[in-house]
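One structure below.
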Amino acid sequence: MGLNEFDRGSLDKIIDQAINHSKENLNMFIDPKVKQGFHLTNVEDFVFGMVYDEIFHKFGNHFTTFNRRLPNQSENDEIVQVIIKRLAEIRQAIYFKE
């Protein structure tokens, strides 16, 4: 069955917000003290994983709040597919920052 229109629109908005804020996330971890504290060798890869996790968990919270249940397998599959389809945009915002 997959996601309804409201949930799908919310997922896209959450992804858009994550893309728009990825530069701030990157700037936070580029700081040498923070980078050293986290033992980071590749800040961009770390932020990429962090942004993916942020999207997945924010949408999970949204979904359970509005639907009062966990996503079923079909919905989970669609969530993952939507995020995967937009990974290039996320990667672009992180790795090719202005």
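Note on naming: chains are A, B, ... as they come in the structure tokens, residues start from 1 per chain, ligands start from 1 in the order shown.
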Which of chain A fall in helix (DSSP H, G or I), as a PyMOL selection string: chain A and resi 5-30+32-37+43-67+73-85+87-95
Test item: residues at most 10 Å from Phe96 in chain A, only C-alpha atoms, excluding those fewer than 5 positions along its chain, as a list in words: Lys23, Glu44, Ile90 and Arg91 of chain A
Interatomic distance (Å, one decimal) between CA of Val80 in chain A and CA of Tyr95 in chain A: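 A separation of 21.4 Å between them.
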Distance of CA of Met1 in chain A from CA of Ala18 in chain A, expressed in Å to one decimal place: 26.2 Å
Range 45-55 of chain A surroundings by only C-alpha atoms, 7 Å radius, close-in-sequence under 2 positions cut, as a ChimeraX atom specification: /A:14-15,18,25-26,42-43,57-59,91,94
Gap from CA of Lys35 in chain A to CA of Asn20 in chain A - Å, one decimal: 21.6 Å
Minimum-distance residue to Glu75 in chain A, chosen among A:Ala88, A:Ala93, A:Asp12, A:Gly60 (using only C-alpha atoms): A:Gly60
Long-range neighbours of Leu11 in chain A as a list of chain:residue names, 10 Å cut-off, only C-alpha atoms, 2 positions minimum in chain: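 Here the qualifying residues turn out to be A:Leu3, A:Glu5, A:Phe6, A:Asp7, A:Arg8, A:Gly9, A:Lys13, A:Ile14, A:Ile15, A:Asp16, A:Gln17, A:Ile55, A:Phe56, A:Lys58, A:Phe59, A:Gly60, A:His62, A:Phe63, A:Ile79, A:Val82, A:Ile83.
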